[in-house]
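File shown: input_28.csv (CSV, C-alpha atoms).
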chain,number,residue,atom,x,y,z
A,1,MET,CA,-17.6,-12.7,-25.1
A,2,ALA,CA,-19.0,-14.5,-22.1
A,3,GLU,CA,-19.7,-12.3,-19.1
A,4,GLY,CA,-17.8,-12.9,-15.9
A,5,PRO,CA,-19.4,-13.7,-12.6
A,6,ARG,CA,-21.5,-11.1,-10.8
A,7,ILE,CA,-19.1,-9.8,-8.1
A,8,ILE,CA,-19.7,-7.6,-5.0
A,9,HIS,CA,-16.8,-6.2,-3.1
A,10,VAL,CA,-17.4,-5.7,0.7
A,11,VAL,CA,-15.1,-3.0,2.0
A,12,PRO,CA,-14.7,-1.6,5.5
A,13,GLY,CA,-14.7,2.2,5.4
A,14,LEU,CA,-15.7,2.4,1.7
A,15,ASP,CA,-16.4,6.1,2.0
A,16,ASP,CA,-13.1,6.9,3.6
A,17,ALA,CA,-11.2,8.9,0.9
A,18,SER,CA,-7.9,8.3,2.7
A,19,SER,CA,-8.2,4.5,2.9
A,20,GLY,CA,-5.8,2.6,0.7
A,21,ILE,CA,-7.9,-0.5,0.9
A,22,ALA,CA,-11.0,1.3,-0.3
A,23,SER,CA,-9.0,2.8,-3.2
A,24,ALA,CA,-7.7,-0.6,-4.2
A,25,ALA,CA,-11.2,-2.1,-4.0
A,26,ARG,CA,-12.5,0.6,-6.3
A,27,LEU,CA,-9.8,0.0,-8.8
A,28,ILE,CA,-10.3,-3.8,-8.8
A,29,SER,CA,-14.1,-3.6,-9.0
A,30,ALA,CA,-13.9,-1.2,-12.0
A,31,THR,CA,-12.1,-3.9,-14.0
A,32,GLN,CA,-14.7,-6.5,-13.1
A,33,ASN,CA,-17.8,-4.3,-13.6
A,34,ALA,CA,-18.5,-5.2,-10.0
A,35,ARG,CA,-20.5,-3.5,-7.3
A,36,LEU,CA,-19.2,-2.2,-3.9
A,37,VAL,CA,-20.9,-2.1,-0.5
A,38,ASP,CA,-19.6,-0.9,2.9
A,39,ALA,CA,-19.0,-3.8,5.3
A,40,ARG,CA,-20.9,-1.9,8.0
A,41,ARG,CA,-24.1,-1.9,5.9
A,42,ILE,CA,-24.0,-5.5,4.7
A,43,ASP,CA,-27.1,-7.7,5.0
A,44,ALA,CA,-28.5,-10.6,3.0
A,45,SER,CA,-30.3,-8.4,0.5
A,46,SER,CA,-27.0,-6.6,-0.3
A,47,LEU,CA,-25.6,-9.9,-1.6
A,48,ASP,CA,-28.6,-11.3,-3.5
A,49,TRP,CA,-27.3,-10.2,-6.9
A,50,ALA,CA,-23.8,-11.6,-6.4
A,51,GLU,CA,-22.3,-14.9,-7.4
A,52,GLU,CA,-19.0,-14.1,-5.9
A,53,VAL,CA,-18.3,-11.9,-2.8
A,54,TRP,CA,-14.9,-10.3,-2.2
A,55,VAL,CA,-14.3,-9.3,1.4
A,56,HIS,CA,-11.5,-6.9,2.0
A,57,SER,CA,-9.3,-6.4,5.0
A,58,THR,CA,-9.2,-8.4,8.3
A,59,TRP,CA,-9.5,-8.3,12.1
A,60,THR,CA,-13.0,-6.7,12.3
A,61,PRO,CA,-16.4,-8.1,13.3
A,62,ALA,CA,-17.8,-6.5,10.1
A,63,VAL,CA,-15.4,-8.5,8.0
A,64,TRP,CA,-16.1,-11.7,9.8
A,65,HIS,CA,-19.9,-11.2,9.5
A,66,ALA,CA,-19.7,-10.4,5.8
A,67,SER,CA,-17.7,-13.5,5.2
A,68,SER,CA,-20.0,-15.8,7.1
A,69,LEU,CA,-23.1,-14.2,5.5
A,70,ALA,CA,-21.6,-14.8,2.0
A,71,VAL,CA,-20.9,-18.4,2.7
A,72,GLY,CA,-24.2,-19.0,4.3
A,73,LEU,CA,-26.0,-17.6,1.2
A,74,GLY,CA,-24.0,-20.0,-1.0
A,75,LYS,CA,-21.8,-17.3,-2.6
A,76,ARG,CA,-18.2,-17.9,-3.5
A,77,LEU,CA,-16.1,-16.1,-0.9
A,78,VAL,CA,-12.9,-14.4,-1.9
A,79,ARG,CA,-10.8,-12.8,0.9
A,80,MET,CA,-8.2,-10.0,0.3
A,81,PRO,CA,-6.2,-9.3,3.4
A,82,HIS,CA,-4.3,-6.3,2.0
A,83,GLY,CA,-1.1,-7.1,3.9
A,84,ASN,CA,-2.7,-7.3,7.3
A,85,LEU,CA,-1.1,-10.7,7.9
A,86,ASP,CA,2.4,-9.3,7.6
A,87,PRO,CA,4.3,-10.4,10.8
A,88,PHE,CA,5.3,-6.8,11.4
A,89,ARG,CA,1.6,-5.8,11.5
A,90,ARG,CA,0.7,-8.8,13.6
A,91,ARG,CA,3.2,-7.8,16.3
A,92,LEU,CA,1.4,-4.4,16.6
A,93,GLY,CA,-1.4,-4.9,19.0
A,94,ALA,CA,-0.4,-8.5,19.3
A,95,TRP,CA,-2.5,-9.3,22.3
A,96,LYS,CA,-5.7,-8.3,20.6
A,97,LYS,CA,-4.8,-10.2,17.5
A,98,THR,CA,-3.9,-13.3,19.6
A,99,ILE,CA,-7.4,-13.2,21.1
A,100,ALA,CA,-9.1,-12.6,17.7
A,101,GLY,CA,-6.8,-15.1,16.0
A,102,PRO,CA,-9.2,-18.1,16.1
A,103,LEU,CA,-12.1,-16.0,14.6
A,104,GLU,CA,-9.8,-14.6,11.9
A,105,ARG,CA,-8.4,-17.9,10.9
A,106,ARG,CA,-11.9,-19.5,10.8
A,107,SER,CA,-13.1,-16.7,8.6
A,108,LEU,CA,-10.2,-16.8,6.2
A,109,ARG,CA,-10.5,-20.6,5.9
A,110,LYS,CA,-14.1,-20.3,4.6
A,111,ALA,CA,-12.8,-18.6,1.5
A,112,SER,CA,-12.7,-20.4,-1.9
A,113,ARG,CA,-9.5,-18.4,-2.5
A,114,ILE,CA,-7.4,-15.6,-1.0
A,115,VAL,CA,-6.1,-12.8,-3.3
A,116,VAL,CA,-2.8,-11.2,-2.4
A,117,THR,CA,-0.8,-8.4,-4.1
A,118,CYS,CA,2.7,-10.0,-4.2
A,119,GLU,CA,4.5,-13.3,-3.6
A,120,ALA,CA,5.7,-12.1,-0.2
A,121,GLU,CA,2.2,-11.5,1.0
A,122,GLY,CA,1.2,-15.0,-0.1
A,123,LEU,CA,3.9,-16.4,2.2
A,124,TRP,CA,2.6,-14.3,5.1
A,125,VAL,CA,-0.9,-15.8,4.6
A,126,LYS,CA,0.5,-19.4,4.4
A,127,ASP,CA,2.5,-18.8,7.5
A,128,TYR,CA,-0.6,-17.6,9.4
A,129,LEU,CA,-3.1,-20.3,8.2
A,130,GLY,CA,-0.8,-23.3,8.0
A,131,SER,CA,-1.8,-26.4,6.2
A,132,ARG,CA,-5.5,-25.4,6.0
A,133,CYS,CA,-4.8,-22.4,3.8
A,134,PRO,CA,-7.2,-21.9,0.9
A,135,PRO,CA,-5.7,-21.5,-2.6
A,136,ILE,CA,-3.8,-18.2,-3.1
A,137,ASP,CA,-3.9,-16.0,-6.2
A,138,VAL,CA,-1.4,-13.2,-6.8
A,139,MET,CA,-2.9,-10.1,-8.4
A,140,ASP,CA,-0.6,-7.8,-10.2
A,141,MET,CA,-1.9,-4.5,-8.9
A,142,ARG,CA,0.4,-2.6,-11.3
A,143,SER,CA,-1.8,-3.8,-14.2
A,144,LEU,CA,-4.6,-1.6,-12.8
A,145,PHE,CA,-2.4,1.4,-13.8
A,146,PRO,CA,-2.1,1.1,-17.7
A,147,ALA,CA,0.1,4.1,-18.0
A,148,LEU,CA,2.7,2.8,-15.6
A,149,SER,CA,4.8,0.9,-18.1
A,150,ASN,CA,5.2,3.9,-20.5
A,151,VAL,CA,5.4,7.0,-18.3
A,152,ARG,CA,8.7,8.8,-17.8
A,153,VAL,CA,9.6,10.2,-14.5
A,154,ALA,CA,10.9,13.8,-14.2
A,155,TYR,CA,14.1,14.7,-12.4
A,156,ARG,CA,15.1,18.1,-11.2
A,157,ARG,CA,18.9,18.0,-10.8
A,158,PHE,CA,20.5,20.3,-8.3
A,159,PRO,CA,17.3,22.1,-7.3
A,160,GLN,CA,17.6,24.9,-4.8
A,161,VAL,CA,15.2,22.9,-2.6
A,162,LEU,CA,14.3,19.2,-3.2
A,163,ARG,CA,10.6,18.9,-2.4
A,164,VAL,CA,9.8,15.5,-0.8
A,165,LEU,CA,6.2,14.3,-0.4
A,166,TYR,CA,4.9,11.6,1.9
A,167,MET,CA,1.2,10.9,1.4
A,168,GLY,CA,-0.7,8.6,3.9
A,169,ARG,CA,-1.6,8.4,7.5
A,170,ARG,CA,0.7,8.7,10.4
A,171,HIS,CA,1.2,5.3,11.9
A,172,PRO,CA,4.0,3.5,13.6
A,173,LEU,CA,4.4,1.2,10.6
A,174,LYS,CA,4.6,3.9,8.0
A,175,GLY,CA,8.1,5.2,8.9
A,176,VAL,CA,7.2,8.9,8.9
A,177,GLU,CA,9.3,9.7,11.9
A,178,CYS,CA,12.4,8.2,10.2
A,179,LEU,CA,11.7,10.3,7.1
A,180,GLU,CA,11.3,13.5,9.2
A,181,THR,CA,14.6,12.8,11.0
A,182,ALA,CA,16.4,12.1,7.7
A,183,VAL,CA,15.3,15.4,6.2
A,184,ARG,CA,16.2,17.3,9.3
A,185,GLU,CA,19.7,15.8,9.5
A,186,LEU,CA,20.3,16.5,5.8
A,187,ASN,CA,19.3,20.1,6.2
A,188,GLU,CA,21.6,20.5,9.2
A,189,LYS,CA,24.4,18.9,7.2
A,190,TYR,CA,23.9,21.2,4.2
A,191,ALA,CA,23.6,24.3,6.4
A,192,ALA,CA,26.9,23.4,8.1
A,193,ASP,CA,28.7,22.4,4.9
A,194,HIS,CA,27.4,25.0,2.4
A,195,ASP,CA,26.4,27.9,4.7
A,196,CYS,CA,22.8,27.7,3.3
A,197,ALA,CA,19.4,27.3,4.9
A,198,GLY,CA,19.0,23.7,3.8
A,199,GLN,CA,18.2,21.8,0.6
A,200,PHE,CA,15.2,19.6,1.5
A,201,ALA,CA,11.5,20.4,2.1
A,202,LEU,CA,9.2,17.7,3.4
A,203,ARG,CA,5.4,17.8,3.1
A,204,ILE,CA,3.3,15.2,4.9
A,205,VAL,CA,-0.3,14.9,3.5
A,206,SER,CA,-2.5,12.6,5.5
A,207,ASP,CA,-5.9,13.2,4.0
A,208,ALA,CA,-6.0,14.6,0.5
A,209,HIS,CA,-8.2,13.7,-2.5
A,210,GLY,CA,-9.3,15.4,-5.7
A,211,ALA,CA,-7.7,18.7,-6.4
A,212,ASP,CA,-5.8,18.7,-3.1
A,213,LYS,CA,-4.2,15.4,-4.0
A,214,GLU,CA,-3.2,16.6,-7.4
A,215,ALA,CA,-1.7,19.8,-6.0
A,216,ALA,CA,0.4,17.8,-3.5
A,217,PHE,CA,1.8,15.6,-6.3
A,218,ASP,CA,2.4,18.7,-8.5
A,219,TRP,CA,4.4,20.3,-5.7
A,220,CYS,CA,6.9,17.4,-5.1
A,221,ASP,CA,10.1,16.5,-6.9
A,222,VAL,CA,10.3,13.0,-5.3
A,223,PHE,CA,7.7,10.9,-3.5
A,224,CYS,CA,8.8,8.8,-0.5
A,225,LEU,CA,7.0,5.9,1.2
A,226,PRO,CA,9.3,4.9,4.0
A,227,THR,CA,7.1,2.1,5.1
A,228,LEU,CA,7.7,-1.0,7.3
A,229,SER,CA,4.5,-2.7,6.1
A,230,ASP,CA,2.6,-1.8,3.0
A,231,ASN,CA,2.5,-4.9,0.8
A,232,PHE,CA,1.6,-3.0,-2.4
A,233,GLY,CA,1.6,0.7,-1.6
A,234,ILE,CA,-0.9,2.1,-4.0
A,235,VAL,CA,0.5,5.6,-3.6
A,236,VAL,CA,3.7,4.4,-5.2
A,237,ALA,CA,1.9,3.7,-8.4
A,238,GLU,CA,0.0,6.9,-8.2
A,239,ALA,CA,3.2,8.9,-7.9
A,240,LEU,CA,4.9,7.0,-10.8
A,241,VAL,CA,2.0,7.5,-13.2
A,242,ARG,CA,2.3,11.3,-12.5
A,243,GLY,CA,5.9,11.2,-13.5
A,244,LYS,CA,7.4,11.4,-10.0
A,245,PRO,CA,10.4,9.3,-9.0
A,246,VAL,CA,9.8,7.3,-5.9
A,247,ILE,CA,11.8,6.1,-2.9
A,248,THR,CA,10.3,3.1,-1.0
A,249,THR,CA,11.4,0.1,1.0
A,250,ASP,CA,11.1,-3.6,1.4
A,251,GLY,CA,8.0,-2.8,3.5
A,252,ALA,CA,6.3,-2.6,0.1
A,253,PRO,CA,7.6,-5.9,-1.5
A,254,ALA,CA,5.4,-5.7,-4.5
A,255,TRP,CA,7.9,-3.1,-5.9
A,256,ALA,CA,11.1,-5.2,-5.4
A,257,ASP,CA,11.4,-5.9,-9.1
A,258,GLU,CA,10.8,-2.4,-10.3
A,259,VAL,CA,14.3,-1.8,-11.6
A,260,ARG,CA,13.5,0.1,-14.7
A,261,PHE,CA,15.8,3.1,-15.4
A,262,GLU,CA,15.4,6.1,-17.6
A,263,GLU,CA,17.6,6.7,-20.6
A,264,ASN,CA,19.9,8.9,-18.6
A,265,GLY,CA,20.5,6.2,-16.1
A,266,ASP,CA,18.3,7.6,-13.3
A,267,PRO,CA,16.0,5.1,-11.6
A,268,ARG,CA,12.2,5.4,-11.7
A,269,LEU,CA,12.2,3.9,-8.2
A,270,VAL,CA,14.8,3.6,-5.4
A,271,TYR,CA,14.0,0.4,-3.4
A,272,LEU,CA,15.7,0.2,0.0
A,273,ASP,CA,16.2,-3.5,0.6
A,274,GLY,CA,17.0,-4.5,4.2
A,275,TYR,CA,15.2,-1.5,5.6
A,276,ARG,CA,12.6,-3.5,7.7
A,277,ALA,CA,15.2,-5.5,9.5
A,278,ALA,CA,17.4,-2.5,10.2
A,279,SER,CA,17.5,-0.4,13.4
A,280,PRO,CA,15.8,3.0,13.3
A,281,SER,CA,19.1,4.8,13.0
A,282,VAL,CA,20.1,2.7,10.0
A,283,ARG,CA,16.7,3.3,8.4
A,284,VAL,CA,17.3,7.1,8.8
A,285,ALA,CA,20.8,6.7,7.2
A,286,MET,CA,19.3,4.7,4.3
A,287,LEU,CA,16.7,7.4,3.7
A,288,ARG,CA,19.3,10.1,3.9
A,289,PHE,CA,21.5,8.4,1.3
A,290,ALA,CA,18.5,7.9,-1.1
A,291,LEU,CA,17.3,11.5,-0.7
A,292,GLU,CA,20.8,12.9,-1.2
A,293,SER,CA,21.2,11.0,-4.4
A,294,PHE,CA,18.6,13.2,-6.0
A,295,VAL,CA,20.7,16.4,-5.6
A,296,LYS,CA,24.1,15.0,-6.5

Spit out the file's structure as structure tokens when you get a sec.
Amino acid sequence: MAEGPRIIHVVPGLDDASSGIASAARLISATQNARLVDARRIDASSLDWAEEVWVHSTWTPAVWHASSLAVGLGKRLVRMPHGNLDPFRRRLGAWKKTIAGPLERRSLRKASRIVVTCEAEGLWVKDYLGSRCPPIDVMDMRSLFPALSNVRVAYRRFPQVLRVLYMGRRHPLKGVECLETAVRELNEKYAADHDCAGQFALRIVSDAHGADKEAAFDWCDVFCLPTLSDNFGIVVAEALVRGKPVITTDGAPAWADEVRFEENGDPRLVYLDGYRAASPSVRVAMLRFALESFVK
């Protein structure tokens, strides 16, 4: 079998254990027998070995420098924005991104191709780059989790306490505040209706890896990613392969077609369509309904 191209992945914050981009880059590089380097430590000698250079993320001078360096050295440049061109994200800190826009567009247009994780992200890229957009390839990130198609999720019906896990950073686009409100309101409702202390426990884990990460997944009955912008949401796959049912939203559009059900009719994943466009109060109501469905 012919060997593939020699590939180097350039990743901002490669050593950050909580970075979803770094986690995704590690998974992808493992399937390519590729090397990884932190964008902050890139120089010409770092790229000598490569024929193809994948530069992950956007909006930083380190990413622009790595892209220019790769092209200047005659390497094929592949860019992977990881959802950063989502209109929701572009509106956050919009004035900075407006100023940086010409640099980002010029950098992206140098690529021989742009890799996205779902069709929706491809549309975001085309919208941002217009007619001068390089070719776009869609990578099925779920294929990086071989057990995903066969694993069965575990349900605990009518538990005394439903244990809900969110894993990720606190950020305005992650929806953590809506999840916290939904859990608080459900506990208030159950305390009033059933004269009990509440039926829902929420754990928010922002920086866990190794044994701590496994312990957090072991603890929960259901995983929730209440995101407004998370194109793939690698933690969704991580939860599913550990047998945990998942609630997520159209902020993670790569999961829109995950409609597989267990033999007893329970869904592996509850996908809240229309969540992004809804008001905060409606988002809370959608999360409440989804969470409550696990105890009825």

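Of the listed residues (A:Cys224, A:Ser23, A:His9, A:Val71), A:His9 comes nearest to Leu36 in chain A; the distances count only C-alpha atoms.
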
A:Gly122, A:Gly168, A:Pro267, A:Gly101: which is nearest Val235 in chain A, counting all atoms listed in the file? A:Gly168

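Residues in contact with range 126-130 of chain A at 10 Å, where only C-alpha atoms are counted and same-chain residues fewer than 6 positions away are skipped, are listed as Leu85, Asp86, Pro87, Arg90, Gly101, Glu104, Arg105, Arg106, Leu108, Arg109 and Ile136 of chain A.
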
Spatial neighbours of Ala290 in chain A, 9 Å, all atoms listed in the file, chain gap at least 6 places, as a VMD selection string: chain A and resid 247 270 272

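In terms of minimum interatomic distance to Asn150 in chain A, A:Leu240 ranks closest within A:Val37, A:Ala22, A:Ala66, A:Leu240, counting all atoms listed in the file.
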
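Put simply, CA of Arg89 in chain A is 10.7 Å away from CA of Gly251 in chain A.
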
Non-local contacts of Trp255 in chain A (9 Å; all atoms listed in the file; under 5 positions in same chain excluded) as a ChimeraX atom specification: /A:118,231-233,236,248-250,269,271

Keeping only C-alpha atoms, write those residues as a PDB file, keeping the file's coordinate frame.
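Full text of again.pdb as output:
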ATOM      1  CA  CYS A 118       2.700 -10.000  -4.200  1.00  0.00           C
ATOM      2  CA  ASN A 231       2.500  -4.900   0.800  1.00  0.00           C
ATOM      3  CA  PHE A 232       1.600  -3.000  -2.400  1.00  0.00           C
ATOM      4  CA  GLY A 233       1.600   0.700  -1.600  1.00  0.00           C
ATOM      5  CA  VAL A 236       3.700   4.400  -5.200  1.00  0.00           C
ATOM      6  CA  THR A 248      10.300   3.100  -1.000  1.00  0.00           C
ATOM      7  CA  THR A 249      11.400   0.100   1.000  1.00  0.00           C
ATOM      8  CA  ASP A 250      11.100  -3.600   1.400  1.00  0.00           C
ATOM      9  CA  LEU A 269      12.200   3.900  -8.200  1.00  0.00           C
ATOM     10  CA  TYR A 271      14.000   0.400  -3.400  1.00  0.00           C
TER      11      TYR A 271
END

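Between Lys97 in chain A and the residues A:Ser46, A:Ser206, A:Ser68, A:Thr60, the shortest atom-to-atom distance, using only C-alpha atoms, involves A:Thr60.
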
Could N, CA and C atoms be built for range 160-182 of chain A and written out as a short mmCIF file (atom, residue, chain, number, x, y, z; two decimals), keeping the file's coordinate frame?
data_model
loop_
_atom_site.label_atom_id
_atom_site.label_comp_id
_atom_site.auth_asym_id
_atom_site.auth_seq_id
_atom_site.Cartn_x
_atom_site.Cartn_y
_atom_site.Cartn_z
N GLN A 160 17.32 24.09 -6.00
CA GLN A 160 17.60 24.90 -4.80
C GLN A 160 17.08 24.20 -3.57
N VAL A 161 15.87 23.66 -3.71
CA VAL A 161 15.20 22.90 -2.60
C VAL A 161 14.63 21.65 -3.26
N LEU A 162 14.96 20.48 -2.74
CA LEU A 162 14.30 19.20 -3.20
C LEU A 162 13.06 19.04 -2.38
N ARG A 163 11.94 18.98 -3.07
CA ARG A 163 10.60 18.90 -2.40
C ARG A 163 10.20 17.43 -2.32
N VAL A 164 10.07 16.94 -1.11
CA VAL A 164 9.80 15.50 -0.80
C VAL A 164 8.39 15.40 -0.28
N LEU A 165 7.63 14.47 -0.84
CA LEU A 165 6.20 14.30 -0.40
C LEU A 165 6.07 12.89 0.19
N TYR A 166 5.40 12.85 1.34
CA TYR A 166 4.90 11.60 1.90
C TYR A 166 3.34 11.77 1.92
N MET A 167 2.61 10.78 1.41
CA MET A 167 1.20 10.90 1.40
C MET A 167 0.61 9.60 2.08
N GLY A 168 -0.10 9.78 3.16
CA GLY A 168 -0.70 8.60 3.90
C GLY A 168 -0.86 9.02 5.34
N ARG A 169 -1.38 8.09 6.09
CA ARG A 169 -1.60 8.40 7.50
C ARG A 169 -0.36 8.27 8.32
N ARG A 170 -0.38 8.91 9.47
CA ARG A 170 0.70 8.70 10.40
C ARG A 170 0.40 7.48 11.24
N HIS A 171 1.35 6.57 11.23
CA HIS A 171 1.20 5.30 11.90
C HIS A 171 2.54 4.71 12.17
N PRO A 172 2.71 3.98 13.28
CA PRO A 172 4.00 3.50 13.60
C PRO A 172 4.69 2.62 12.50
N LEU A 173 3.88 2.01 11.64
CA LEU A 173 4.40 1.20 10.60
C LEU A 173 4.74 1.92 9.29
N LYS A 174 4.41 3.18 9.22
CA LYS A 174 4.60 3.90 8.00
C LYS A 174 5.98 4.59 7.88
N GLY A 175 6.72 4.70 9.00
CA GLY A 175 8.10 5.20 8.90
C GLY A 175 8.21 6.70 8.78
N VAL A 176 7.14 7.45 9.06
CA VAL A 176 7.20 8.90 8.90
C VAL A 176 8.22 9.56 9.74
N GLU A 177 8.36 9.08 10.98
CA GLU A 177 9.30 9.70 11.90
C GLU A 177 10.74 9.54 11.38
N CYS A 178 11.08 8.41 10.78
CA CYS A 178 12.40 8.20 10.20
C CYS A 178 12.64 9.18 9.03
N LEU A 179 11.62 9.39 8.22
CA LEU A 179 11.70 10.30 7.10
C LEU A 179 11.94 11.74 7.60
N GLU A 180 11.18 12.13 8.60
CA GLU A 180 11.30 13.50 9.20
C GLU A 180 12.74 13.67 9.73
N THR A 181 13.26 12.66 10.42
CA THR A 181 14.60 12.80 11.00
C THR A 181 15.64 12.86 9.86
N ALA A 182 15.48 12.05 8.81
CA ALA A 182 16.40 12.10 7.70
C ALA A 182 16.47 13.46 7.04
#
